[in-house]
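Participant: I am attaching a structure below and will ask some questions about it afterwards.
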Amino acid sequence: MTNQGPEPGIVIIGGGHAGGSAAAFLRQYGYKGPLTLVGTEPLLPYQRPPLSKAWLKGEATAESLALRPARFYVQQNVETRLGVTATALDREAHRVTLSDGSTLGYTKLVLALGSRARPLALPGRNLGGVMELRTAADADRLQAALKPGARLAVVGGGFIGLEVAASAMALGASATVIEREARVLARVACPALSAFVQDYHRARGVDVRLATGVEALEGEGGQVTGIRLADGGLVPCDLALIGVGALANDGLAQAAGLDCANGIVVDLAARTSDADIYAVGDCTNRPLPMYGQMVRLESVPNAIEQAKQAAADITGRAPPMPEIPWFWSDQFDLRLQMAGLPFGATQTVLRGVPDVAGFAVFHLGADDTVLAVEAINAPADFMAGRVLVAKQKQVAPGLLADLSSDMKTLAA
Amino acid sequence: MPTITYIEFNGTSHSIEVENGLSVMEGAVNNNVPGIDADCGGSCACATCHVFVDEAWLGKCGTPDTQEKSMLGFAATAQANSRLACQITVSDALDGLVVRMPEAQH
């Protein structure tokens, strides 16, 4: 650093789960210098997972949604700048320009820019009542529209779409889920799990349309009234939710010349191609050594793991233990828990029968190494699978399928 | 407000006043006590808020439900007094509670 005055300290751009966690870990790990957290949304960092579930159903409060209470930032001496976005990054000058025209100097910069809903270039996309769900403000709009009797149409049968459909049913609305692929959760789950989940939704009244393309959003007086399907059919609706995946917010990094490829490229210490800039969470493309590839993960556990990596590297601590990617989703009374990624899997093993009472699907490599587990209402199988994946253990498929084999013994 | 004492694996102790109705996990997270990660935010989905409850307090912390028991069964270093801190609700009856953290949450 230069010797002109005090160091500007660490600036975190992004006030989501990754940015908020990075601030907390930096203080936990003993960083005592200036620390500034910049967030686009007007809220302090909060948990996004409940937005499609507890928050939508009115079962959460602003306090329970917040990652940490407001006094935390005062006590931990974290300066927060909310409602402003970083518009430019000058790496040479170590300076960020914010949307209010002000600038912030940094010694180290942590980019926690998150992801945004994948845009869908459909006619009628800008009609009233057409929504996406990324932020608390989005969730509030959705909740206000999800009155009893309201007709919700969801484009995209992924986690967000299915969770919102389940919440809509609980609120007395009706829900239609339109999925382009031949099954829901096509990008994230195996066919057996997809089949079970879509049947479960249908049995609870959700109209699930598979292998169905969307042509346009139709409206009257500027308000959405239906979704025109590729086959000419119409799904009438009062509100439409677009949930077709997310894109990394890496524009700021790209413009500044940082290496980006489907997200900001980082290493296992969350370092970007600039030694003074780190990136964490949904906006990154990170190595997963276990699978020998780079992956962009959109998950809270990943945000927390990378926040630890960055904080550890900045404060000179030993890197945190590598973790297995994992995900969860709640829909009706189903809890989906998944660990590992089925890269290179050649065998799937069903443990139990697909039923609400619980079952799991294990993904194994050709040499019987457990690579991933997907569990529904089967927390023990999920936990055992997580251990097996972490240990890269080989287990005979027959043993995994046999309900009389003790998972604790297999995972030991 | 009840005082909860969190003891890190390295012996560092944090005595903290926690509001009634919050979970023991939230008490730790809200005050930046290291060692409790709470990835899932308290929905009993991740087992990253594993703590050992001091024997004297075990009975006052309630009984783990099936979900919690299943998760704990596979938590690294689980013991008979293991609990998930997100599933213990703070009340006056827990004033003085002592919980210890495992070496790692994974």
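Chain labels A, B, ... are given in the sequence in which chains occur in the structure tokens; within each chain residues are numbered consecutively from 1, and ligands are likewise numbered from 1 in the order shown.
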Pick out the chain A residues within 7 Å of chain B. Count only C-alpha atoms. Give them as a ChimeraX atom specification.
Facilitator: /A:24,28,68-69,72,300-301,379-380,383-384
Participant: Please, could you write that set of residues out with N, CA and C atoms as a JSON list (two decimals), in the first residue's frame?
Facilitator:
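For reference, out_18.json as written:
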[["chain", "number", "residue", "atom", "x", "y", "z"],
["A", 24, "ALA", "N", -19.04, -10.92, 8.19],
["A", 24, "ALA", "CA", -19.02, -11.58, 9.51],
["A", 24, "ALA", "C", -17.74, -12.39, 9.70],
["A", 28, "GLN", "N", -14.79, -12.23, 12.44],
["A", 28, "GLN", "CA", -14.51, -13.44, 13.25],
["A", 28, "GLN", "C", -13.05, -13.81, 13.16],
["A", 68, "ARG", "N", -28.64, -11.21, 10.04],
["A", 68, "ARG", "CA", -28.23, -10.79, 11.38],
["A", 68, "ARG", "C", -28.95, -9.48, 11.69],
["A", 69, "PRO", "N", -29.16, -9.17, 12.98],
["A", 69, "PRO", "CA", -29.89, -7.93, 13.30],
["A", 69, "PRO", "C", -29.06, -6.69, 12.99],
["A", 72, "PHE", "N", -25.91, -5.80, 14.85],
["A", 72, "PHE", "CA", -24.72, -6.58, 14.54],
["A", 72, "PHE", "C", -23.69, -5.73, 13.80],
["A", 300, "VAL", "N", -26.78, -21.27, -0.91],
["A", 300, "VAL", "CA", -26.32, -20.63, 0.33],
["A", 300, "VAL", "C", -25.05, -21.30, 0.86],
["A", 301, "PRO", "N", -24.99, -22.64, 0.94],
["A", 301, "PRO", "CA", -23.76, -23.25, 1.46],
["A", 301, "PRO", "C", -22.53, -22.84, 0.66],
["A", 379, "PRO", "N", -33.67, -37.67, 5.85],
["A", 379, "PRO", "CA", -32.49, -36.91, 6.30],
["A", 379, "PRO", "C", -31.29, -37.80, 6.63],
["A", 380, "ALA", "N", -31.55, -39.00, 7.14],
["A", 380, "ALA", "CA", -30.43, -39.87, 7.49],
["A", 380, "ALA", "C", -29.69, -40.32, 6.22],
["A", 383, "MET", "N", -27.64, -37.35, 5.03],
["A", 383, "MET", "CA", -26.43, -37.14, 5.83],
["A", 383, "MET", "C", -25.40, -38.22, 5.55],
["A", 384, "ALA", "N", -25.87, -39.47, 5.46],
["A", 384, "ALA", "CA", -24.95, -40.58, 5.18],
["A", 384, "ALA", "C", -24.32, -40.39, 3.80]]
Participant: If we count only C-alpha atoms, what is near B:Pro102 at a cut-off of 12 Å, once residues fewer than 6 positions away on the same chain are taken out, given as an NGL selection string?
Facilitator: :B and (6-11 or 34-37 or 47-53 or 75-79 or 81-84)
Participant: Since we have the selection now, will you write its residues out, keeping N, CA and C atoms, as a compact mmCIF listing (two decimals), in the first residue's frame?
Facilitator:
# COMPACT_ATOMS: atom_id res chain seq x y z
N TYR B 6 -21.35 -19.88 25.18
CA TYR B 6 -20.88 -20.69 24.05
C TYR B 6 -19.38 -20.87 24.22
N ILE B 7 -18.93 -22.11 24.19
CA ILE B 7 -17.50 -22.37 24.34
C ILE B 7 -16.96 -22.97 23.05
N GLU B 8 -16.04 -22.23 22.42
CA GLU B 8 -15.44 -22.72 21.18
C GLU B 8 -14.59 -23.96 21.46
N PHE B 9 -14.28 -24.69 20.40
CA PHE B 9 -13.48 -25.91 20.55
C PHE B 9 -12.12 -25.59 21.17
N ASN B 10 -11.60 -24.40 20.88
CA ASN B 10 -10.29 -24.03 21.43
C ASN B 10 -10.38 -23.49 22.85
N GLY B 11 -11.59 -23.52 23.43
CA GLY B 11 -11.76 -23.11 24.82
C GLY B 11 -12.24 -21.69 25.02
N PRO B 34 -17.89 -17.58 16.68
CA PRO B 34 -17.39 -18.50 15.66
C PRO B 34 -17.79 -19.94 15.94
N GLY B 35 -17.92 -20.73 14.89
CA GLY B 35 -18.10 -22.16 15.06
C GLY B 35 -19.52 -22.66 14.84
N ILE B 36 -20.47 -21.73 14.67
CA ILE B 36 -21.84 -22.13 14.35
C ILE B 36 -22.18 -21.47 13.03
N ASP B 37 -22.28 -22.29 11.97
CA ASP B 37 -22.43 -21.71 10.63
C ASP B 37 -23.89 -21.51 10.24
N ALA B 47 -27.37 -29.41 9.65
CA ALA B 47 -26.51 -29.87 10.75
C ALA B 47 -25.19 -29.11 10.85
N THR B 48 -25.21 -27.80 10.55
CA THR B 48 -23.99 -27.01 10.75
C THR B 48 -24.09 -26.09 11.97
N CYS B 49 -25.00 -26.44 12.89
CA CYS B 49 -25.07 -25.70 14.16
C CYS B 49 -25.00 -26.70 15.31
N HIS B 50 -24.26 -27.75 15.09
CA HIS B 50 -24.10 -28.83 16.07
C HIS B 50 -23.38 -28.32 17.33
N VAL B 51 -24.00 -28.57 18.49
CA VAL B 51 -23.35 -28.22 19.76
C VAL B 51 -23.49 -29.37 20.75
N PHE B 52 -22.63 -29.37 21.75
CA PHE B 52 -22.75 -30.30 22.88
C PHE B 52 -23.35 -29.53 24.04
N VAL B 53 -24.47 -30.03 24.55
CA VAL B 53 -25.15 -29.35 25.65
C VAL B 53 -24.61 -29.89 26.97
N ALA B 75 -23.74 -36.48 12.05
CA ALA B 75 -22.87 -35.32 12.24
C ALA B 75 -21.52 -35.83 12.75
N ALA B 76 -20.46 -35.20 12.24
CA ALA B 76 -19.13 -35.60 12.69
C ALA B 76 -19.06 -35.41 14.20
N THR B 77 -18.47 -36.32 14.90
CA THR B 77 -18.22 -36.23 16.35
C THR B 77 -19.49 -36.16 17.20
N ALA B 78 -20.61 -36.69 16.72
CA ALA B 78 -21.83 -36.63 17.51
C ALA B 78 -21.69 -37.47 18.79
N GLN B 79 -22.29 -36.95 19.88
CA GLN B 79 -22.29 -37.64 21.17
C GLN B 79 -23.72 -37.68 21.71
N ASN B 81 -24.95 -36.06 24.05
CA ASN B 81 -25.46 -34.72 24.39
C ASN B 81 -25.41 -33.75 23.21
N SER B 82 -25.36 -34.31 22.00
CA SER B 82 -25.36 -33.47 20.80
C SER B 82 -26.76 -32.93 20.53
N ARG B 83 -26.83 -31.67 20.12
CA ARG B 83 -28.07 -31.07 19.66
C ARG B 83 -27.77 -30.15 18.49
N LEU B 84 -28.81 -29.83 17.72
CA LEU B 84 -28.68 -28.77 16.73
C LEU B 84 -29.19 -27.50 17.40
Participant: Would you mind writing down, as a ChimeraX atom specification, each residue of stretch 67-282 of chain A that DSSP on the backbone assigns to alpha helix (DSSP H)?
Facilitator: /A:70-75,136-145,159-170,191-203,251-255
Participant: Those residues with C-alpha atoms, as a PDB file, in the first residue's frame please?
Facilitator:
ATOM      1  CA  ALA A  70     -29.081  -4.295  12.507  1.00  0.00           C
ATOM      2  CA  ARG A  71     -27.127  -3.893  15.741  1.00  0.00           C
ATOM      3  CA  PHE A  72     -24.718  -6.584  14.545  1.00  0.00           C
ATOM      4  CA  TYR A  73     -23.269  -4.209  11.945  1.00  0.00           C
ATOM      5  CA  VAL A  74     -22.864  -1.481  14.546  1.00  0.00           C
ATOM      6  CA  GLN A  75     -21.256  -3.801  17.090  1.00  0.00           C
ATOM      7  CA  ALA A 136     -37.735  -9.529  -0.817  1.00  0.00           C
ATOM      8  CA  ALA A 137     -39.427  -6.780  -2.836  1.00  0.00           C
ATOM      9  CA  ASP A 138     -40.252  -9.353  -5.545  1.00  0.00           C
ATOM     10  CA  ALA A 139     -41.634 -11.672  -2.869  1.00  0.00           C
ATOM     11  CA  ASP A 140     -43.803  -8.907  -1.418  1.00  0.00           C
ATOM     12  CA  ARG A 141     -45.301  -8.194  -4.846  1.00  0.00           C
ATOM     13  CA  LEU A 142     -45.902 -11.899  -5.375  1.00  0.00           C
ATOM     14  CA  GLN A 143     -47.493 -12.287  -1.953  1.00  0.00           C
ATOM     15  CA  ALA A 144     -49.823  -9.347  -2.524  1.00  0.00           C
ATOM     16  CA  ALA A 145     -51.043 -10.961  -5.751  1.00  0.00           C
ATOM     17  CA  PHE A 159     -36.834 -25.169  -7.463  1.00  0.00           C
ATOM     18  CA  ILE A 160     -38.231 -21.620  -7.349  1.00  0.00           C
ATOM     19  CA  GLY A 161     -41.199 -22.373  -9.598  1.00  0.00           C
ATOM     20  CA  LEU A 162     -42.181 -25.510  -7.703  1.00  0.00           C
ATOM     21  CA  GLU A 163     -41.703 -23.932  -4.282  1.00  0.00           C
ATOM     22  CA  VAL A 164     -43.860 -20.968  -5.234  1.00  0.00           C
ATOM     23  CA  ALA A 165     -46.507 -23.276  -6.736  1.00  0.00           C
ATOM     24  CA  ALA A 166     -46.656 -25.214  -3.458  1.00  0.00           C
ATOM     25  CA  SER A 167     -46.876 -21.985  -1.443  1.00  0.00           C
ATOM     26  CA  ALA A 168     -49.595 -20.659  -3.777  1.00  0.00           C
ATOM     27  CA  MET A 169     -51.715 -23.768  -3.165  1.00  0.00           C
ATOM     28  CA  ALA A 170     -51.261 -23.309   0.601  1.00  0.00           C
ATOM     29  CA  PRO A 191     -35.570 -38.700 -13.494  1.00  0.00           C
ATOM     30  CA  ALA A 192     -36.829 -40.781 -10.538  1.00  0.00           C
ATOM     31  CA  LEU A 193     -36.862 -37.741  -8.270  1.00  0.00           C
ATOM     32  CA  SER A 194     -38.452 -35.548 -10.946  1.00  0.00           C
ATOM     33  CA  ALA A 195     -41.191 -38.115 -11.522  1.00  0.00           C
ATOM     34  CA  PHE A 196     -41.989 -38.323  -7.841  1.00  0.00           C
ATOM     35  CA  VAL A 197     -42.035 -34.547  -7.357  1.00  0.00           C
ATOM     36  CA  GLN A 198     -44.239 -33.799 -10.369  1.00  0.00           C
ATOM     37  CA  ASP A 199     -46.717 -36.528  -9.365  1.00  0.00           C
ATOM     38  CA  TYR A 200     -46.766 -35.144  -5.837  1.00  0.00           C
ATOM     39  CA  HIS A 201     -47.565 -31.651  -7.112  1.00  0.00           C
ATOM     40  CA  ARG A 202     -50.275 -32.971  -9.412  1.00  0.00           C
ATOM     41  CA  ALA A 203     -51.884 -34.960  -6.601  1.00  0.00           C
ATOM     42  CA  GLY A 251     -20.756  -7.380 -15.689  1.00  0.00           C
ATOM     43  CA  LEU A 252     -18.786  -5.111 -13.341  1.00  0.00           C
ATOM     44  CA  ALA A 253     -15.930  -7.623 -13.243  1.00  0.00           C
ATOM     45  CA  GLN A 254     -15.977  -8.129 -17.013  1.00  0.00           C
ATOM     46  CA  ALA A 255     -15.843  -4.403 -17.648  1.00  0.00           C
TER      47      ALA A 255
END
Participant: Could you jot down the atom CA of A:Ile314 to atom CA of A:Ala22 separation for me, Å, one decimal place?
Facilitator: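 Atom-to-atom, atom CA of A:Ile314 to atom CA of A:Ala22, that is 10.6 Å.
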Participant: Output as a PyMOL selection string all residues of stretch 8-80 of chain A that backbone DSSP marks as strand (DSSP E or B).
Facilitator: chain A and resi 10-13+35-39+46+66+79-80
Participant: For stretch 61-63 of chain B, please output as a list of chain:residue names all residues within 8 Å (counting only C-alpha atoms; exclusion window: fewer than 6 positions along the same chain).
Facilitator: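 Listing them by chain and then by number gives B:Ile88, B:Thr89, B:Leu94.
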Participant: In Å, rounded to a single decimal, give me how far atom CA of A:Gly205 is from atom CA of A:Ala175.
Facilitator: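 Spanning atom CA of A:Ala175 to atom CA of A:Gly205 is a straight-line distance of 7.8 Å.
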Participant: Which residues are close to stretch 337-353 of chain A, i.e. within 8 Å by only C-alpha atoms, leaving aside same-chain residues fewer than 2 positions away? Reply as JSON, numbers by chain.
Facilitator: {"A": [291, 324, 325, 326, 327, 328, 329, 335, 355, 358, 359, 360, 361, 362, 363, 364, 365, 366, 371, 372, 373, 374, 375, 376, 379, 382, 385, 386, 389, 397, 400, 401, 402, 403], "B": [45]}
Participant: Would you pick out the contacts of B:Val24 at 8 Å or less, using only C-alpha atoms, so that residues sharing its chain but fewer than 5 positions from it are not included, and give the list as a ChimeraX atom specification?
Facilitator: /B:4,18,85-90
Participant: With C-alpha atoms kept, could you save the residues just selected as a tab-separated table (two decimals), in the first residue's frame?
Facilitator:
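File result_23.tsv, as written:
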chain	number	residue	atom	x	y	z
B	4	ILE	CA	-26.05	-18.43	27.18
B	18	VAL	CA	-30.05	-13.87	24.15
B	85	ALA	CA	-28.64	-25.28	18.20
B	86	CYS	CA	-31.35	-24.09	15.79
B	87	GLN	CA	-33.81	-26.46	17.44
B	88	ILE	CA	-33.34	-25.16	21.01
B	89	THR	CA	-35.52	-22.15	21.85
B	90	VAL	CA	-34.17	-19.75	24.43
Participant: Could you check how far atom CA of A:Arg271 sits from atom CA of A:Ala310, in Å to one decimal?
Facilitator: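 Taking atom CA of A:Arg271 as the start and atom CA of A:Ala310 as the end point, the length is 7.1 Å.
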Participant: What lies within 9 Å of A:Tyr29 using only C-alpha atoms, ignoring chain neighbours under 3 positions off, as a PyMOL selection string?
Facilitator: (chain A and resi 24-26+311-312+315+317) or (chain B and resi 34)
